[in-house]
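What follows is the content of protein19.txt (compact mmCIF, C-alpha atoms and all ligand atoms).
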# COMPACT_ATOMS: atom_id res chain seq x y z
CA MET A 1 -0.01 -14.10 17.44
CA SER A 2 -2.66 -12.74 19.74
CA ALA A 3 -6.36 -12.22 19.34
CA LEU A 4 -7.98 -8.85 19.34
CA PRO A 5 -7.76 -7.70 22.94
CA GLY A 6 -10.89 -7.94 24.97
CA SER A 7 -12.54 -10.00 22.31
CA ALA A 8 -13.75 -13.43 23.23
CA GLU A 9 -14.81 -13.70 19.61
CA GLY A 10 -11.26 -12.96 18.57
CA THR A 11 -10.36 -16.36 19.88
CA ALA A 12 -13.57 -18.25 19.43
CA VAL A 13 -14.31 -17.13 15.90
CA THR A 14 -10.92 -16.54 14.30
CA GLY A 15 -9.21 -19.47 15.97
CA LEU A 16 -6.29 -17.27 17.00
CA ASP A 17 -4.80 -17.74 20.42
CA SER A 18 -5.76 -15.27 23.11
CA SER A 19 -2.98 -13.43 24.86
CA PRO A 20 -4.09 -11.61 27.98
CA VAL A 21 -5.36 -8.10 27.38
CA ASP A 22 -2.67 -5.80 28.66
CA ALA A 23 -4.70 -2.60 28.47
CA SER A 24 -6.07 -1.69 31.86
CA PRO A 25 -9.84 -1.69 32.33
CA GLU A 26 -9.54 2.07 32.92
CA THR A 27 -7.90 2.53 29.53
CA LEU A 28 -10.57 0.48 27.81
CA ALA A 29 -13.29 2.38 29.66
CA GLU A 30 -11.86 5.67 28.38
CA LEU A 31 -12.22 4.69 24.75
CA PRO A 32 -14.68 6.91 22.96
CA PRO A 33 -17.55 4.84 21.60
CA LEU A 34 -18.07 4.54 17.89
CA THR A 35 -20.98 6.76 16.96
CA GLU A 36 -23.47 7.25 14.19
CA GLN A 37 -20.93 9.66 12.69
CA THR A 38 -18.39 6.82 12.51
CA ARG A 39 -20.94 4.68 10.73
CA LEU A 40 -21.70 7.46 8.24
CA GLU A 41 -18.00 7.90 7.52
CA ALA A 42 -17.64 4.15 7.07
CA ARG A 43 -20.42 4.27 4.48
CA GLU A 44 -18.67 7.17 2.77
CA ILE A 45 -15.57 4.97 2.47
CA ILE A 46 -17.60 2.04 1.17
CA ALA A 47 -19.11 4.26 -1.53
CA ARG A 48 -15.63 4.80 -2.99
CA TYR A 49 -15.30 1.20 -4.11
CA PRO A 50 -17.12 -0.96 -6.66
CA GLN A 51 -17.00 -3.88 -4.22
CA PRO A 52 -17.95 -2.97 -0.62
CA ARG A 53 -15.44 -5.35 0.95
CA SER A 54 -12.61 -3.45 -0.75
CA ALA A 55 -13.29 -0.72 1.81
CA LEU A 56 -12.22 -2.85 4.75
CA LEU A 57 -8.63 -1.59 5.06
CA PRO A 58 -9.48 2.12 5.23
CA MET A 59 -12.43 1.30 7.50
CA LEU A 60 -10.05 -0.33 9.96
CA HIS A 61 -7.95 2.84 9.90
CA LEU A 62 -11.14 4.78 10.56
CA VAL A 63 -11.81 2.65 13.63
CA GLN A 64 -8.26 3.33 14.82
CA SER A 65 -8.78 7.05 14.29
CA TYR A 66 -11.53 6.95 16.91
CA GLN A 67 -10.31 4.35 19.34
CA GLY A 68 -6.58 4.08 18.78
CA TYR A 69 -6.75 0.41 17.87
CA VAL A 70 -8.98 -2.11 16.15
CA SER A 71 -11.44 -2.70 18.95
CA PRO A 72 -14.00 -5.52 19.07
CA GLU A 73 -16.62 -2.80 18.60
CA GLY A 74 -14.82 -1.67 15.45
CA VAL A 75 -14.61 -5.20 14.12
CA ALA A 76 -18.36 -5.57 14.63
CA LEU A 77 -19.08 -2.29 12.86
CA CYS A 78 -16.96 -3.24 9.83
CA ALA A 79 -18.55 -6.68 9.67
CA GLU A 80 -22.08 -5.26 9.83
CA GLU A 81 -21.49 -2.59 7.22
CA LEU A 82 -19.71 -4.88 4.79
CA GLY A 83 -21.78 -8.02 5.26
CA LEU A 84 -18.71 -9.94 6.41
CA THR A 85 -18.28 -12.17 9.43
CA LYS A 86 -16.32 -10.88 12.40
CA ALA A 87 -13.89 -13.72 11.74
CA GLU A 88 -13.19 -12.36 8.26
CA VAL A 89 -12.63 -8.87 9.58
CA GLY A 90 -10.48 -10.19 12.41
CA ALA A 91 -8.39 -12.22 9.98
CA VAL A 92 -7.51 -9.05 8.07
CA ALA A 93 -7.00 -6.90 11.16
CA THR A 94 -4.60 -9.38 12.71
CA PHE A 95 -2.60 -9.87 9.51
CA TYR A 96 -1.23 -6.35 9.04
CA THR A 97 1.06 -4.73 11.58
CA MET A 98 -0.45 -1.28 11.01
CA TYR A 99 -3.64 -2.49 12.68
CA LYS A 100 -3.08 -2.42 16.41
CA ARG A 101 -4.51 -5.01 18.72
CA ARG A 102 -4.35 -2.98 21.89
CA PRO A 103 -4.85 0.72 22.56
CA THR A 104 -2.01 2.80 21.14
CA GLY A 105 -0.42 5.78 22.85
CA ARG A 106 -0.82 9.32 21.55
CA HIS A 107 2.13 8.72 19.26
CA LEU A 108 3.46 5.54 17.69
CA VAL A 109 7.26 5.55 17.59
CA SER A 110 8.73 2.97 15.22
CA VAL A 111 12.46 2.32 15.23
CA CYS A 112 13.89 0.51 12.24
CA THR A 113 16.08 -2.31 13.45
CA ASN A 114 16.48 -3.95 10.08
CA THR A 115 19.93 -4.65 8.74
CA LEU A 116 21.24 -1.29 7.57
CA CYS A 117 19.64 0.78 10.31
CA SER A 118 20.71 -1.74 12.89
CA VAL A 119 24.38 -1.70 11.96
CA LEU A 120 24.26 2.10 11.99
CA GLY A 121 22.73 2.23 15.47
CA GLY A 122 19.02 1.41 15.14
CA GLN A 123 19.10 -1.24 17.85
CA ARG A 124 20.94 1.11 20.22
CA ILE A 125 18.25 3.73 19.60
CA PHE A 126 15.50 1.23 20.31
CA ASP A 127 17.18 0.03 23.51
CA ALA A 128 17.67 3.59 24.78
CA LEU A 129 14.05 4.57 24.10
CA ALA A 130 12.77 1.35 25.65
CA ALA A 131 14.76 2.10 28.80
CA ASP A 132 13.57 5.71 28.96
CA LEU A 133 9.93 4.72 28.48
CA GLY A 134 10.07 1.57 30.60
CA VAL A 135 8.54 -0.53 27.84
CA HIS A 136 9.32 -3.35 25.45
CA HIS A 137 8.30 -3.79 21.82
CA ASP A 138 4.64 -2.96 21.17
CA GLU A 139 4.06 -1.55 24.62
CA THR A 140 2.82 1.84 25.71
CA ALA A 141 4.43 4.11 28.28
CA PRO A 142 2.41 4.36 31.50
CA ASP A 143 1.53 7.99 30.77
CA GLY A 144 -0.08 6.93 27.46
CA SER A 145 2.18 9.23 25.45
CA ILE A 146 4.16 6.76 23.35
CA THR A 147 3.81 3.26 21.99
CA LEU A 148 7.20 1.93 20.97
CA GLU A 149 7.79 -0.72 18.35
CA HIS A 150 10.55 -2.34 16.38
CA ALA A 151 9.98 -1.90 12.67
CA GLU A 152 11.24 -3.80 9.69
CA CYS A 153 12.86 -1.86 6.86
CA LEU A 154 10.99 1.44 6.51
CA ALA A 155 12.09 1.82 2.90
CA ALA A 156 14.38 4.71 3.73
CA CYS A 157 17.71 2.93 4.10
CA ASP A 158 19.40 5.89 2.45
CA TYR A 159 18.61 7.89 5.57
CA ALA A 160 19.52 5.22 8.12
CA PRO A 161 19.08 4.95 11.00
CA VAL A 162 15.44 5.85 10.64
CA VAL A 163 12.73 6.48 13.20
CA THR A 164 9.14 7.22 12.30
CA VAL A 165 6.53 8.85 14.49
CA ASP A 166 2.98 8.11 13.35
CA TYR A 167 4.60 7.03 10.05
CA GLU A 168 6.32 10.39 9.48
CA PHE A 169 10.07 10.20 8.96
CA TYR A 170 12.82 11.36 11.29
CA ASP A 171 15.94 10.47 9.38
CA GLN A 172 19.54 9.86 10.35
CA GLN A 173 18.85 9.57 14.03
CA ASP A 174 21.23 8.63 16.78
CA VAL A 175 20.59 7.80 20.40
CA ASP A 176 20.72 11.41 21.57
CA SER A 177 18.54 12.86 18.82
CA ALA A 178 15.95 10.08 19.22
CA ARG A 179 15.78 10.61 22.98
CA THR A 180 15.37 14.35 22.43
CA LEU A 181 12.61 13.68 19.91
CA VAL A 182 10.70 11.36 22.23
CA ALA A 183 11.11 13.71 25.19
CA ALA A 184 9.58 16.50 23.09
CA LEU A 185 6.68 14.27 22.09
CA ARG A 186 6.02 13.44 25.72
CA ARG A 187 5.88 17.17 26.52
CA GLY A 188 3.17 17.50 23.90
CA GLU A 189 5.40 19.07 21.24
CA LYS A 190 5.35 18.02 17.62
CA PRO A 191 8.83 18.40 16.10
CA HIS A 192 8.61 18.66 12.33
CA PRO A 193 9.63 15.49 10.49
CA THR A 194 12.79 15.69 8.42
CA ARG A 195 10.61 15.46 5.31
CA GLY A 196 7.00 15.17 4.32
CA ALA A 197 3.84 16.25 6.04
CA PRO A 198 3.68 17.78 9.52
CA LEU A 199 3.23 15.46 12.46
CA THR A 200 -0.25 14.87 13.81
CA ASP A 201 -0.73 11.94 16.17
CA PHE A 202 -1.62 8.28 15.79
CA ARG A 203 -5.34 8.90 15.57
CA GLY A 204 -4.82 11.82 13.22
CA VAL A 205 -2.71 9.84 10.81
CA SER A 206 -5.18 6.97 11.01
CA ARG A 207 -7.84 9.36 9.83
CA GLN A 208 -5.63 10.34 6.90
CA LEU A 209 -5.09 6.69 6.08
CA ALA A 210 -8.85 6.24 6.08
CA GLY A 211 -8.90 8.84 3.32
CA PHE A 212 -10.12 11.86 5.23
CA ASP A 213 -7.92 14.82 4.43
CA GLN A 214 -6.91 17.12 7.23
CA TYR A 215 -6.07 19.95 4.87
CA GLY A 216 -8.62 22.51 3.84
CA ASP A 217 -7.70 22.63 0.17
CA GLU A 218 -5.46 21.01 -2.40
CA ALA A 219 -2.80 23.75 -2.37
CA THR A 220 -2.37 23.52 1.39
CA ARG A 221 -2.21 19.77 1.21
CA ARG A 222 0.43 19.81 -1.54
CA ALA A 223 2.51 22.43 0.25
CA ALA A 224 2.53 20.37 3.44
CA ILE A 225 3.20 16.99 1.91
CA ASP A 226 5.72 18.08 -0.71
CA ALA A 227 7.72 20.19 1.71
CA GLU A 228 11.47 19.95 1.13
CA GLY A 229 13.34 17.47 3.26
CA ALA A 230 15.93 18.67 5.74
CA ILE A 231 18.51 16.05 4.83
CA GLU A 232 20.00 15.14 1.49
CA PRO A 233 20.02 11.46 0.61
CA THR A 234 23.44 9.93 1.01
CA LEU A 235 25.31 9.10 -2.16
CA ALA A 236 27.95 7.06 -0.39
CA GLY A 237 27.10 3.85 -2.23
CA LEU A 238 27.19 5.59 -5.58
CA ARG A 239 30.56 7.20 -4.85
CA LEU A 240 32.02 3.93 -3.64
CA ALA A 241 30.86 2.15 -6.79
CA ALA A 242 32.39 4.90 -8.95
CA GLU A 243 35.71 4.65 -7.10
CA ARG A 244 35.80 0.91 -7.61
CA GLY A 245 34.66 1.09 -11.21
CA GLU A 246 31.58 -0.97 -10.39
CA ALA A 247 28.40 -0.68 -12.41
CA ALA A 248 25.09 -2.44 -12.75
CA PRO A 249 25.04 -5.28 -15.31
CA PRO A 250 24.15 -4.04 -18.78
CA MET A 251 20.55 -4.32 -19.84
CA PRO A 252 19.81 -7.00 -22.43
CA GLY A 253 20.09 -5.69 -25.97
CA PRO A 254 17.02 -4.89 -28.03
CA GLY A 255 15.13 -7.88 -29.33
CA PRO A 256 14.23 -8.49 -32.97
CA GLY A 257 12.17 -5.66 -34.32
CA GLN A 258 12.83 -3.45 -31.31
CA PRO A 259 14.44 -0.05 -31.66
CA SER A 260 18.15 0.02 -30.79
CA ALA A 261 17.92 3.40 -29.15
CA ASP A 262 15.26 5.18 -27.19
CA THR A 263 13.11 6.77 -29.84
CA GLY A 264 10.56 8.05 -27.41
CA GLU A 265 8.11 5.39 -28.56
CA PRO A 266 6.78 3.00 -25.91
CA ARG A 267 8.77 -0.22 -25.98
CA GLU A 268 7.37 -3.67 -26.20
CA THR A 269 7.66 -5.72 -23.08
CA VAL A 270 7.80 -9.44 -22.52
CA ARG A 271 4.85 -10.27 -20.32
CA PRO A 272 4.99 -12.99 -17.65
CA SER A 273 3.13 -15.19 -20.12
CA GLY A 274 6.22 -15.10 -22.34
CA ARG A 275 4.36 -13.29 -25.09
CA THR A 276 5.14 -9.78 -26.13
CA GLY A 277 2.77 -6.90 -25.94
CA GLU A 278 2.99 -3.22 -25.42
CA THR A 279 1.06 -2.87 -22.24
CA PRO A 280 -0.44 -4.94 -19.47
CA GLY A 281 -3.81 -3.59 -20.62
CA GLU A 282 -3.22 -5.04 -24.06
CA GLU A 283 -2.35 -8.39 -22.62
CA ALA A 284 -5.43 -8.30 -20.41
CA ALA A 285 -7.49 -7.61 -23.51
CA ASP A 286 -5.84 -10.60 -25.20
CA ALA A 287 -6.75 -12.72 -22.21
CA ARG A 288 -10.38 -11.61 -22.35
CA VAL A 289 -10.57 -12.63 -26.00
CA ALA A 290 -8.90 -15.96 -25.31
CA ALA A 291 -11.16 -16.68 -22.33
CA ALA A 292 -14.41 -16.01 -24.17
CA ASP A 293 -16.64 -19.09 -23.97
CA THR A 294 -19.11 -18.18 -26.68
CA PRO A 295 -18.92 -16.42 -30.04
CA ALA A 296 -20.94 -13.55 -28.57
CA GLU A 297 -18.51 -13.15 -25.66
CA ARG A 298 -15.58 -13.27 -28.03
CA ALA A 299 -17.14 -10.66 -30.28
CA GLY A 300 -17.72 -8.42 -27.29
CA ALA A 301 -14.13 -8.84 -26.08
CA GLU A 302 -12.80 -8.09 -29.55
CA GLN A 303 -14.87 -4.94 -29.80
CA THR A 304 -13.17 -3.49 -26.71
CA HIS A 305 -9.67 -4.71 -27.61
CA PRO A 306 -7.16 -1.91 -28.27
CA ASP A 307 -6.12 -3.80 -31.40
CA LYS A 308 -9.68 -3.97 -32.63
CA GLY A 309 -9.64 -5.07 -36.23
CA ALA A 310 -6.09 -6.39 -36.00
CA GLU A 311 -4.38 -9.55 -34.83
CA TYR A 312 -5.04 -9.75 -31.16
CA GLY A 313 -1.97 -10.28 -29.07
CA GLN A 314 0.50 -9.56 -31.87
CA PRO A 315 3.08 -6.88 -31.24
CA ARG A 316 1.87 -3.65 -32.70
CA GLY A 317 5.07 -3.13 -34.63
CA ARG A 318 4.25 -6.16 -36.74
CA GLN A 319 0.70 -5.02 -37.24
CA ARG A 320 1.87 -1.66 -38.39
CA ALA A 321 4.17 -3.43 -40.84
CA GLY A 322 1.07 -4.58 -42.67
CA THR A 323 0.37 -8.01 -41.28
CA GLU A 324 -2.80 -7.08 -39.51
CA ASN A 325 -6.08 -8.65 -40.48
CA PRO A 326 -8.42 -6.53 -42.48
CA PRO A 327 -11.21 -4.99 -40.47
CA ALA A 328 -14.59 -6.67 -40.43
CA THR A 329 -16.06 -6.59 -43.89
CA GLU A 330 -19.45 -5.48 -42.63
CA PRO A 331 -19.60 -1.73 -42.53
CA ALA A 332 -20.51 -0.42 -39.14
CA THR A 333 -24.15 0.59 -39.26
CA GLY A 334 -24.76 0.95 -35.57
CA THR A 335 -27.25 -1.91 -35.74
CA THR A 336 -24.99 -4.70 -36.94
CA PRO A 337 -23.98 -6.96 -34.06
CA PRO A 338 -20.23 -7.15 -33.54
CA THR A 339 -18.58 -9.93 -35.51
CA SER A 340 -15.23 -11.67 -35.33
CA PRO A 341 -12.78 -9.87 -37.62
CA SER A 342 -11.67 -13.13 -39.16
CA PRO A 343 -13.32 -16.51 -39.79
CA ASN A 344 -10.01 -18.08 -38.74
CA PRO A 345 -9.26 -16.35 -35.47
CA PRO A 346 -5.63 -15.28 -35.37
CA ARG A 347 -5.56 -16.34 -31.74
CA ALA A 348 -4.37 -19.78 -32.88
CA GLN A 349 -1.27 -18.21 -34.41
CA ASN A 350 -0.65 -16.33 -31.25
CA GLN A 351 -0.95 -19.40 -29.10
CA GLU A 352 1.70 -21.12 -31.16
CA ALA A 353 4.05 -18.19 -30.73
S1 LIG B 1 17.00 -0.87 6.97
FE1 LIG B 1 16.10 0.80 8.03
S2 LIG B 1 15.04 1.87 6.48
FE2 LIG B 1 15.86 0.15 5.44
Let me see the file written as structure tokens.
Amino acid sequence: MSALPGSAEGTAVTGLDSSPVDASPETLAELPPLTEQTRLEAREIIARYPQPRSALLPMLHLVQSYQGYVSPEGVALCAEELGLTKAEVGAVATFYTMYKRRPTGRHLVSVCTNTLCSVLGGQRIFDALAADLGVHHDETAPDGSITLEHAECLAACDYAPVVTVDYEFYDQQDVDSARTLVAALRRGEKPHPTRGAPLTDFRGVSRQLAGFDQYGDEATRRAAIDAEGAIEPTLAGLRLAAERGEAAPPMPGPGPGQPSADTGEPRETVRPSGRTGETPGEEAADARVAAADTPAERAGAEQTHPDKGAEYGQPRGRQRAGTENPPATEPATGTTPPTSPSPNPPRAQNQEA
């Protein structure tokens, strides 16, 4: 693992080792400085979140949209705006592979060399491109056009072997088509991806990832992003399974009280806690009631519970069957403080369940 290039702090503050900076001084000198506009956009991102530090990931993309990587200057800007230390920002920036530690070429070409793509030719594609560009993994061609990287599964195995350019998909590649693609990119062309939005460049897509739309209006954006793909997904696996008579294991049968067929009603689920509940929101509401430290807190949690007036945490089917507690006996006057619906909280029953 290497520190942020050019950053003495990257080593001294984060404790990461410091590989030599492989970007030339000329390249670093060409980086556009972060401006007041960058800072204003960073604040616009921060305003989207209840907690300022939640804005860090898109802010790092914003830095990349200006400078092509997470520069020491960008780390300092994020730290200042978010009230974090540079070490905290550096720890995040060096954790995720989408944050680059050295200046990236105009385009980032990622070749999937994970299992399925690799057996179908992904490694051969990577080797051919590396030879053409004169680079290894995570290096940039001398003309600054392309940064090449190995990628782990790009979640498109159905289209293997897969190459992405600036995270846009070019499916079912082979050595020749990938070389043609990269040659076009180096000439300044932007071949249309096999599906999804049109290609921009690494800084352009970084700006999108920071949440700044490049499309003028919603209709244009939808039309671009939802454009039909050029290649159908393969159904080879499905056909093979049908030929062999293979099928997925049957789903467990319905539990007690559950409908035997899909009635269109939402089904109960078994939560990780082992209890049943209809939704994660309902379970979260149960947890808020259970975690209340004081009667006032509990009353407040009960007031916002979706099962208000019923047995918290019990499956709704049972409540509907008539086992729910009666609502609070006090009529709601608008001035009466919220009270527990039962002097013997049903939570104890639930905890036994
Ligand atoms: S193995 Fe390449 S996309 Fe999954």
Let me have the centre and edge lengths of the axis-aligned box enclosing all listed atoms of ligand LIG 1 (chain B) with 4 Å padding on every side, in Å to one decimal, as JSON.
{"center_x": 16.0, "center_y": 0.5, "center_z": 6.7, "size_x": 10.0, "size_y": 10.7, "size_z": 10.6}
Using only C-alpha atoms and all ligand atoms, which residues have at least one atom no more than 6 Å from ligand LIG 1 (chain B)? Output them as a tab-separated table (two decimals) with C-alpha atoms, keeping the file's coordinate frame.
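The resulting file, pocket-v2.tsv, is shown below:
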chain	number	residue	atom	x	y	z
A	112	CYS	CA	13.89	0.51	12.24
A	114	ASN	CA	16.48	-3.95	10.08
A	115	THR	CA	19.93	-4.65	8.74
A	116	LEU	CA	21.24	-1.29	7.57
A	117	CYS	CA	19.64	0.78	10.31
A	153	CYS	CA	12.86	-1.86	6.86
A	154	LEU	CA	10.99	1.44	6.51
A	155	ALA	CA	12.09	1.82	2.90
A	156	ALA	CA	14.38	4.71	3.73
A	157	CYS	CA	17.71	2.93	4.10
A	160	ALA	CA	19.52	5.22	8.12
A	161	PRO	CA	19.08	4.95	11.00
A	162	VAL	CA	15.44	5.85	10.64
>> Give me the residues near Leu181 (chain A) as a VMD selection string, where near means some atom within 12 Å (using only C-alpha atoms) and where sequence neighbours in that chain fewer than 5 positions away do not count.
In response: chain A and resid 107 109 125 129 146 163 to 165 169 to 171 173 to 176 186 to 194
Next, write the just-selected residues to a file, as a PDB file, in the frame of the given file, keeping C-alpha atoms as the atom set.
ATOM      1  CA  HIS A 107       2.130   8.720  19.260  1.00  0.00           C
ATOM      2  CA  VAL A 109       7.260   5.550  17.590  1.00  0.00           C
ATOM      3  CA  ILE A 125      18.250   3.730  19.600  1.00  0.00           C
ATOM      4  CA  LEU A 129      14.050   4.570  24.100  1.00  0.00           C
ATOM      5  CA  ILE A 146       4.160   6.760  23.350  1.00  0.00           C
ATOM      6  CA  VAL A 163      12.730   6.480  13.200  1.00  0.00           C
ATOM      7  CA  THR A 164       9.140   7.220  12.300  1.00  0.00           C
ATOM      8  CA  VAL A 165       6.530   8.850  14.490  1.00  0.00           C
ATOM      9  CA  PHE A 169      10.070  10.200   8.960  1.00  0.00           C
ATOM     10  CA  TYR A 170      12.820  11.360  11.290  1.00  0.00           C
ATOM     11  CA  ASP A 171      15.940  10.470   9.380  1.00  0.00           C
ATOM     12  CA  GLN A 173      18.850   9.570  14.030  1.00  0.00           C
ATOM     13  CA  ASP A 174      21.230   8.630  16.780  1.00  0.00           C
ATOM     14  CA  VAL A 175      20.590   7.800  20.400  1.00  0.00           C
ATOM     15  CA  ASP A 176      20.720  11.410  21.570  1.00  0.00           C
ATOM     16  CA  ARG A 186       6.020  13.440  25.720  1.00  0.00           C
ATOM     17  CA  ARG A 187       5.880  17.170  26.520  1.00  0.00           C
ATOM     18  CA  GLY A 188       3.170  17.500  23.900  1.00  0.00           C
ATOM     19  CA  GLU A 189       5.400  19.070  21.240  1.00  0.00           C
ATOM     20  CA  LYS A 190       5.350  18.020  17.620  1.00  0.00           C
ATOM     21  CA  PRO A 191       8.830  18.400  16.100  1.00  0.00           C
ATOM     22  CA  HIS A 192       8.610  18.660  12.330  1.00  0.00           C
ATOM     23  CA  PRO A 193       9.630  15.490  10.490  1.00  0.00           C
ATOM     24  CA  THR A 194      12.790  15.690   8.420  1.00  0.00           C
TER      25      THR A 194
END
> At a cut-off of 9 Å from (-6.5, 6.9, 10.0) in the coordinates of the file, what residues are picked up using only C-alpha atoms, written as a PyMOL selection string?
Replying inline: chain A and resi 58-66+202-212
> How many Å lie between CA of Val75 (chain A) and CA of Tyr99 (chain A), rounded to one decimal?
Replying inline: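 CA of Tyr99 (chain A) lies 11.4 Å from CA of Val75 (chain A).
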>> So that I can see what lies close to Ala130 (chain A), please list as number ranges by chain the residues with an atom at most 12 Å from it, counting all atoms listed in the file and leaving out residues fewer than 5 positions away in the same chain.
In response: A: 109-111, 123-125, 135-141, 146-150, 175, 178-179, 182
> Do you have the CA of Pro52 (chain A)-CA of Lys86 (chain A) distance handy?
Replying inline: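 Going from CA of Pro52 (chain A) over to CA of Lys86 (chain A), I get 15.3 Å.
When CA of Ser71 (chain A) is paired with CA of Leu31 (chain A), their separation reads 9.4 Å.
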> Do you know which residues lie at most 10 Å from (14.1, 21.5, 4.4), with coordinates as in the file and all atoms listed in the file counted, and could you write them as a ChimeraX atom specification?
Replying inline: /A:193-196,227-232
>> Just checking: using all atoms listed in the file, which residue out of A:Cys78, A:Val70, A:Thr94, A:Gln172 ends up closest to Ser118 (chain A)?
In response: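 Of the candidates, the smallest distance to Ser118 (chain A) is held by A:Gln172.
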>> Which residues are close to Tyr69 (chain A), i.e. within 6 Å by only C-alpha atoms, leaving aside same-chain residues fewer than 2 positions away? Reply as a ChimeraX atom specification.
In response: /A:64,67,71,100-103
